[in-house]
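The next block is query-v1.pdb, given as PDB, C-alpha atoms.
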```pdb
ATOM      1  CA  GLN A   1       0.000   0.000   0.000  1.00  0.00           C
ATOM      2  CA  VAL A   2       1.276   3.512  -0.802  1.00  0.00           C
ATOM      3  CA  ILE A   3       0.135   6.502   1.285  1.00  0.00           C
ATOM      4  CA  ASN A   4       1.454  10.018   0.676  1.00  0.00           C
ATOM      5  CA  GLY A   5       4.156   8.539  -1.536  1.00  0.00           C
ATOM      6  CA  LYS A   6       5.410   6.160   1.175  1.00  0.00           C
ATOM      7  CA  ARG A   7       5.196   2.373   0.992  1.00  0.00           C
ATOM      8  CA  ILE A   8       3.319   1.076   4.034  1.00  0.00           C
ATOM      9  CA  LYS A   9       3.019  -2.545   5.187  1.00  0.00           C
ATOM     10  CA  THR A  10       0.441  -3.529   7.795  1.00  0.00           C
ATOM     11  CA  LEU A  11       1.044  -6.706   9.789  1.00  0.00           C
ATOM     12  CA  PHE A  12      -0.916  -8.518  12.463  1.00  0.00           C
ATOM     13  CA  LEU A  13       1.058 -10.221  15.241  1.00  0.00           C
ATOM     14  CA  LEU A  14      -0.443 -13.352  16.751  1.00  0.00           C
ATOM     15  CA  GLY A  15       0.369 -16.265  18.966  1.00  0.00           C
ATOM     16  CA  ALA A  16      -1.216 -19.671  18.606  1.00  0.00           C
ATOM     17  CA  PRO A  17      -4.899 -20.203  19.398  1.00  0.00           C
ATOM     18  CA  SER A  18      -5.305 -20.985  23.086  1.00  0.00           C
ATOM     19  CA  ASN A  19      -7.785 -23.855  22.749  1.00  0.00           C
ATOM     20  CA  GLU A  20      -8.830 -26.531  20.266  1.00  0.00           C
ATOM     21  CA  ALA A  21     -12.097 -24.804  19.275  1.00  0.00           C
ATOM     22  CA  GLU A  22     -10.246 -21.619  18.337  1.00  0.00           C
ATOM     23  CA  LYS A  23      -7.611 -23.639  16.542  1.00  0.00           C
ATOM     24  CA  ALA A  24     -10.197 -25.499  14.468  1.00  0.00           C
ATOM     25  CA  ASN A  25     -12.313 -22.440  13.696  1.00  0.00           C
ATOM     26  CA  HIS A  26      -9.801 -19.652  13.307  1.00  0.00           C
ATOM     27  CA  GLN A  27      -6.490 -21.073  12.143  1.00  0.00           C
ATOM     28  CA  LYS A  28      -7.692 -21.810   8.611  1.00  0.00           C
ATOM     29  CA  LEU A  29      -9.136 -18.295   8.361  1.00  0.00           C
ATOM     30  CA  LEU A  30      -5.811 -16.827   9.491  1.00  0.00           C
ATOM     31  CA  GLU A  31      -3.958 -18.894   6.921  1.00  0.00           C
ATOM     32  CA  TYR A  32      -6.342 -17.726   4.207  1.00  0.00           C
ATOM     33  CA  GLU A  33      -5.939 -14.080   5.293  1.00  0.00           C
ATOM     34  CA  ASP A  34      -2.171 -14.473   5.117  1.00  0.00           C
ATOM     35  CA  TYR A  35      -2.396 -16.173   1.713  1.00  0.00           C
ATOM     36  CA  ILE A  36      -4.444 -13.279   0.298  1.00  0.00           C
ATOM     37  CA  TYR A  37      -2.751 -10.316   2.005  1.00  0.00           C
ATOM     38  CA  GLY A  38       0.549 -11.632   3.409  1.00  0.00           C
ATOM     39  CA  ASP A  39      -0.096  -9.745   6.638  1.00  0.00           C
ATOM     40  CA  ILE A  40       0.018 -12.340   9.429  1.00  0.00           C
ATOM     41  CA  LEU A  41       3.001 -13.039  11.682  1.00  0.00           C
ATOM     42  CA  GLN A  42       2.228 -15.961  13.956  1.00  0.00           C
ATOM     43  CA  TRP A  43       4.392 -17.700  16.540  1.00  0.00           C
ATOM     44  CA  ASP A  44       3.880 -20.838  18.596  1.00  0.00           C
ATOM     45  CA  PHE A  45       3.005 -19.498  22.040  1.00  0.00           C
ATOM     46  CA  ARG A  46      -0.302 -18.865  23.811  1.00  0.00           C
ATOM     47  CA  ASP A  47      -1.530 -15.430  22.813  1.00  0.00           C
ATOM     48  CA  THR A  48      -2.437 -14.055  26.235  1.00  0.00           C
ATOM     49  CA  PHE A  49      -1.970 -10.774  28.047  1.00  0.00           C
ATOM     50  CA  PHE A  50       0.869 -12.305  30.067  1.00  0.00           C
ATOM     51  CA  ASN A  51       2.788 -13.155  26.862  1.00  0.00           C
ATOM     52  CA  LEU A  52       2.800  -9.631  25.387  1.00  0.00           C
ATOM     53  CA  THR A  53       6.500  -9.207  26.179  1.00  0.00           C
ATOM     54  CA  LEU A  54       7.285 -12.450  24.346  1.00  0.00           C
ATOM     55  CA  LYS A  55       5.244 -11.236  21.367  1.00  0.00           C
ATOM     56  CA  ASP A  56       7.216  -7.969  21.333  1.00  0.00           C
ATOM     57  CA  VAL A  57      10.597  -9.711  21.542  1.00  0.00           C
ATOM     58  CA  LEU A  58       9.711 -12.100  18.713  1.00  0.00           C
ATOM     59  CA  PHE A  59       8.433  -9.234  16.568  1.00  0.00           C
ATOM     60  CA  TRP A  60      11.533  -7.076  17.068  1.00  0.00           C
ATOM     61  CA  GLU A  61      13.741 -10.042  16.220  1.00  0.00           C
ATOM     62  CA  TRP A  62      11.718 -10.733  13.042  1.00  0.00           C
ATOM     63  CA  PHE A  63      11.680  -7.048  12.138  1.00  0.00           C
ATOM     64  CA  GLY A  64      15.443  -6.690  12.608  1.00  0.00           C
ATOM     65  CA  GLN A  65      16.108  -9.614  10.267  1.00  0.00           C
ATOM     66  CA  ARG A  66      13.450  -8.927   7.628  1.00  0.00           C
ATOM     67  CA  CYS A  67      13.132  -5.132   7.402  1.00  0.00           C
ATOM     68  CA  PRO A  68      16.615  -3.593   7.425  1.00  0.00           C
ATOM     69  CA  GLY A  69      15.559  -0.752   5.098  1.00  0.00           C
ATOM     70  CA  ALA A  70      12.484   0.361   7.050  1.00  0.00           C
ATOM     71  CA  CYS A  71      12.592   3.981   8.161  1.00  0.00           C
ATOM     72  CA  PHE A  72       9.851   3.859  10.802  1.00  0.00           C
ATOM     73  CA  ILE A  73       7.677   1.363  12.596  1.00  0.00           C
ATOM     74  CA  PHE A  74       4.396   1.903  14.384  1.00  0.00           C
ATOM     75  CA  LYS A  75       3.300  -0.836  16.749  1.00  0.00           C
ATOM     76  CA  GLY A  76      -0.138  -0.547  18.300  1.00  0.00           C
ATOM     77  CA  ASP A  77      -2.656  -2.757  20.031  1.00  0.00           C
ATOM     78  CA  ASP A  78      -5.820  -4.090  18.444  1.00  0.00           C
ATOM     79  CA  ASP A  79      -7.900  -1.407  20.161  1.00  0.00           C
ATOM     80  CA  VAL A  80      -5.953   1.512  18.640  1.00  0.00           C
ATOM     81  CA  PHE A  81      -7.189   3.615  15.723  1.00  0.00           C
ATOM     82  CA  VAL A  82      -4.293   4.617  13.452  1.00  0.00           C
ATOM     83  CA  ASN A  83      -4.486   7.650  11.184  1.00  0.00           C
ATOM     84  CA  THR A  84      -1.557   6.708   8.932  1.00  0.00           C
ATOM     85  CA  PRO A  85      -1.564   9.889   6.785  1.00  0.00           C
ATOM     86  CA  ARG A  86      -1.324  12.034   9.962  1.00  0.00           C
ATOM     87  CA  ILE A  87       1.536   9.919  11.313  1.00  0.00           C
ATOM     88  CA  LEU A  88       3.387  10.326   8.009  1.00  0.00           C
ATOM     89  CA  ASP A  89       2.808  14.099   8.107  1.00  0.00           C
ATOM     90  CA  PHE A  90       4.184  14.202  11.650  1.00  0.00           C
ATOM     91  CA  LEU A  91       7.286  12.197  10.712  1.00  0.00           C
ATOM     92  CA  LYS A  92       7.881  14.290   7.585  1.00  0.00           C
ATOM     93  CA  GLY A  93       7.952  17.420   9.728  1.00  0.00           C
ATOM     94  CA  LEU A  94      10.742  16.168  11.992  1.00  0.00           C
ATOM     95  CA  PRO A  95      14.395  17.092  11.469  1.00  0.00           C
ATOM     96  CA  PRO A  96      16.313  13.985  10.259  1.00  0.00           C
ATOM     97  CA  ALA A  97      18.498  13.833  13.376  1.00  0.00           C
ATOM     98  CA  LYS A  98      15.446  13.831  15.647  1.00  0.00           C
ATOM     99  CA  ALA A  99      13.528  11.336  13.507  1.00  0.00           C
ATOM    100  CA  ARG A 100      16.419   8.844  13.448  1.00  0.00           C
ATOM    101  CA  ASP A 101      16.111   7.859  17.132  1.00  0.00           C
ATOM    102  CA  LEU A 102      12.463   8.744  17.677  1.00  0.00           C
ATOM    103  CA  PHE A 103      10.546   6.673  20.196  1.00  0.00           C
ATOM    104  CA  ILE A 104       7.101   7.807  21.279  1.00  0.00           C
ATOM    105  CA  GLY A 105       4.880   6.295  23.937  1.00  0.00           C
ATOM    106  CA  ASP A 106       3.322   6.895  27.321  1.00  0.00           C
ATOM    107  CA  VAL A 107       5.416   7.251  30.438  1.00  0.00           C
ATOM    108  CA  ILE A 108       3.716   5.586  33.368  1.00  0.00           C
ATOM    109  CA  THR A 109       5.139   6.500  36.762  1.00  0.00           C
ATOM    110  CA  HIS A 110       4.482   5.075  40.211  1.00  0.00           C
ATOM    111  CA  ALA A 111       2.703   2.092  38.696  1.00  0.00           C
ATOM    112  CA  GLY A 112       2.017  -1.141  40.447  1.00  0.00           C
ATOM    113  CA  PRO A 113       0.026  -4.251  39.684  1.00  0.00           C
ATOM    114  CA  HIS A 114      -3.752  -3.945  39.571  1.00  0.00           C
ATOM    115  CA  ARG A 115      -5.278  -6.091  42.310  1.00  0.00           C
ATOM    116  CA  ASP A 116      -8.921  -5.240  41.616  1.00  0.00           C
ATOM    117  CA  LYS A 117     -10.456  -8.204  39.754  1.00  0.00           C
ATOM    118  CA  ARG A 118     -12.775  -5.867  37.830  1.00  0.00           C
ATOM    119  CA  VAL A 119      -9.818  -4.141  36.128  1.00  0.00           C
ATOM    120  CA  LYS A 120      -8.763  -5.379  32.686  1.00  0.00           C
ATOM    121  CA  TYR A 121      -5.115  -5.493  33.776  1.00  0.00           C
ATOM    122  CA  TYR A 122      -5.737  -7.363  37.033  1.00  0.00           C
ATOM    123  CA  ILE A 123      -2.758  -9.420  38.160  1.00  0.00           C
ATOM    124  CA  HIS A 124      -3.170 -12.016  40.871  1.00  0.00           C
ATOM    125  CA  VAL A 125      -0.581 -12.004  43.652  1.00  0.00           C
ATOM    126  CA  GLN A 126       0.642 -15.459  42.598  1.00  0.00           C
ATOM    127  CA  TYR A 127       1.829 -13.983  39.256  1.00  0.00           C
ATOM    128  CA  SER A 128       3.960 -11.365  40.987  1.00  0.00           C
ATOM    129  CA  LYS A 129       7.511 -12.576  41.450  1.00  0.00           C
ATOM    130  CA  TYR A 130       8.422  -9.574  43.558  1.00  0.00           C
ATOM    131  CA  HIS A 131       6.004  -7.818  45.854  1.00  0.00           C
ATOM    132  CA  LEU A 132       6.820  -4.111  45.880  1.00  0.00           C
ATOM    133  CA  GLN A 133       5.466  -1.549  48.281  1.00  0.00           C
ATOM    134  CA  LEU A 134       4.625   1.651  46.450  1.00  0.00           C
TER
END
```
Just give me the structure of the file as structure tokens.
Amino acid sequence: QVINGKRIKTLFLLGAPSNEAEKANHQKLLEYEDYIYGDILQWDFRDTFFNLTLKDVLFWEWFGQRCPGACFIFKGDDDVFVNTPRILDFLKGLPPAKARDLFIGDVITHAGPHRDKRVKYYIHVQYSKYHLQL
């Protein structure tokens, strides 16, 4: 895909289906999507919230080997709306020296694990290796 004169590639990062029903129902659809669009990267690990770091590490390794000429990468979650033309406009407006090492994200300070079971990011005490007092 070309947007504002720049070649853009969209990829979807996935782990393996977590149960047999998902595997039977969804894996063939994923394979078909990848056959048509070539946009699926899938690794053999359970795709759960607690494996997001593993997904990131595998992606960065793949990206480093397969995309040496890429100028920029945007990595977002499945609940993020991306306005690609606006991102390209923003990047175009940066001085080259600043754009070369650009890393944008949210800084979260004084964070701790969520212990409220109603919170999406709830983490049970048994999953905490170290118990920190904040």
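When the distance limit is 12 Å and only C-alpha atoms are what count, the residues near A:Asn19, minus those fewer than 3 positions from it on the same chain, are Gly15, Ala16, Glu22, Lys23, Ala24, Asn25, His26, Gln27, Phe45, Arg46, Asp47 and Thr48 of chain A.
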Quick check, in Å to one decimal: how far apart do atom CA of A:Gln1 and atom CA of A:Arg66 lie?
17.9 Å
Quick one: residues within 10 Å of A:Ile123, only C-alpha atoms, excluding same-chain residues fewer than 4 positions away - as a list in words?
Phe50, Gly112, Pro113, His114, Arg115, Asp116, Lys117, Val119, Tyr127 and Ser128 of chain A
Quote the spacing between atom CA of A:Phe74 and atom CA of A:Asp101 in Å to one decimal place.
13.4 Å
For the file shown, report as a PyMOL selection string the outcome of the PyMOL selection byres ((chain A and resi 56) around 12) at residue level.
chain A and resi 13-15+41-43+47+49-55+57-63+75-77
Preceding selection exported with C-alpha atoms as a short mmCIF file (atom, residue, chain, number, x, y, z; two decimals), in the coordinates of the input:
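Saved result, out.cif, follows:
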```
data_model
loop_
_atom_site.label_atom_id
_atom_site.label_comp_id
_atom_site.auth_asym_id
_atom_site.auth_seq_id
_atom_site.Cartn_x
_atom_site.Cartn_y
_atom_site.Cartn_z
CA LEU A 13 1.06 -10.22 15.24
CA LEU A 14 -0.44 -13.35 16.75
CA GLY A 15 0.37 -16.26 18.97
CA LEU A 41 3.00 -13.04 11.68
CA GLN A 42 2.23 -15.96 13.96
CA TRP A 43 4.39 -17.70 16.54
CA ASP A 47 -1.53 -15.43 22.81
CA PHE A 49 -1.97 -10.77 28.05
CA PHE A 50 0.87 -12.30 30.07
CA ASN A 51 2.79 -13.16 26.86
CA LEU A 52 2.80 -9.63 25.39
CA THR A 53 6.50 -9.21 26.18
CA LEU A 54 7.28 -12.45 24.35
CA LYS A 55 5.24 -11.24 21.37
CA VAL A 57 10.60 -9.71 21.54
CA LEU A 58 9.71 -12.10 18.71
CA PHE A 59 8.43 -9.23 16.57
CA TRP A 60 11.53 -7.08 17.07
CA GLU A 61 13.74 -10.04 16.22
CA TRP A 62 11.72 -10.73 13.04
CA PHE A 63 11.68 -7.05 12.14
CA LYS A 75 3.30 -0.84 16.75
CA GLY A 76 -0.14 -0.55 18.30
CA ASP A 77 -2.66 -2.76 20.03
#
```
Name the residues that the PyMOL selection byres ((chain A and resi 6) around 12) pulls out of this structure, and write them as a PyMOL selection string.
chain A and resi 1-5+7-9+70-72+84-85+87-89+91-92
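Across the model, the gap from atom CA of A:Leu102 to atom CA of A:Ile73 is 10.2 Å.
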Which is closer to A:Phe12 than all the others in A:Pro68, A:Tyr32, A:His110, A:Asp78, using all atoms listed in the file?
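Between A:Pro68, A:Tyr32, A:His110, A:Asp78, the residue approaching A:Phe12 most closely is A:Asp78.
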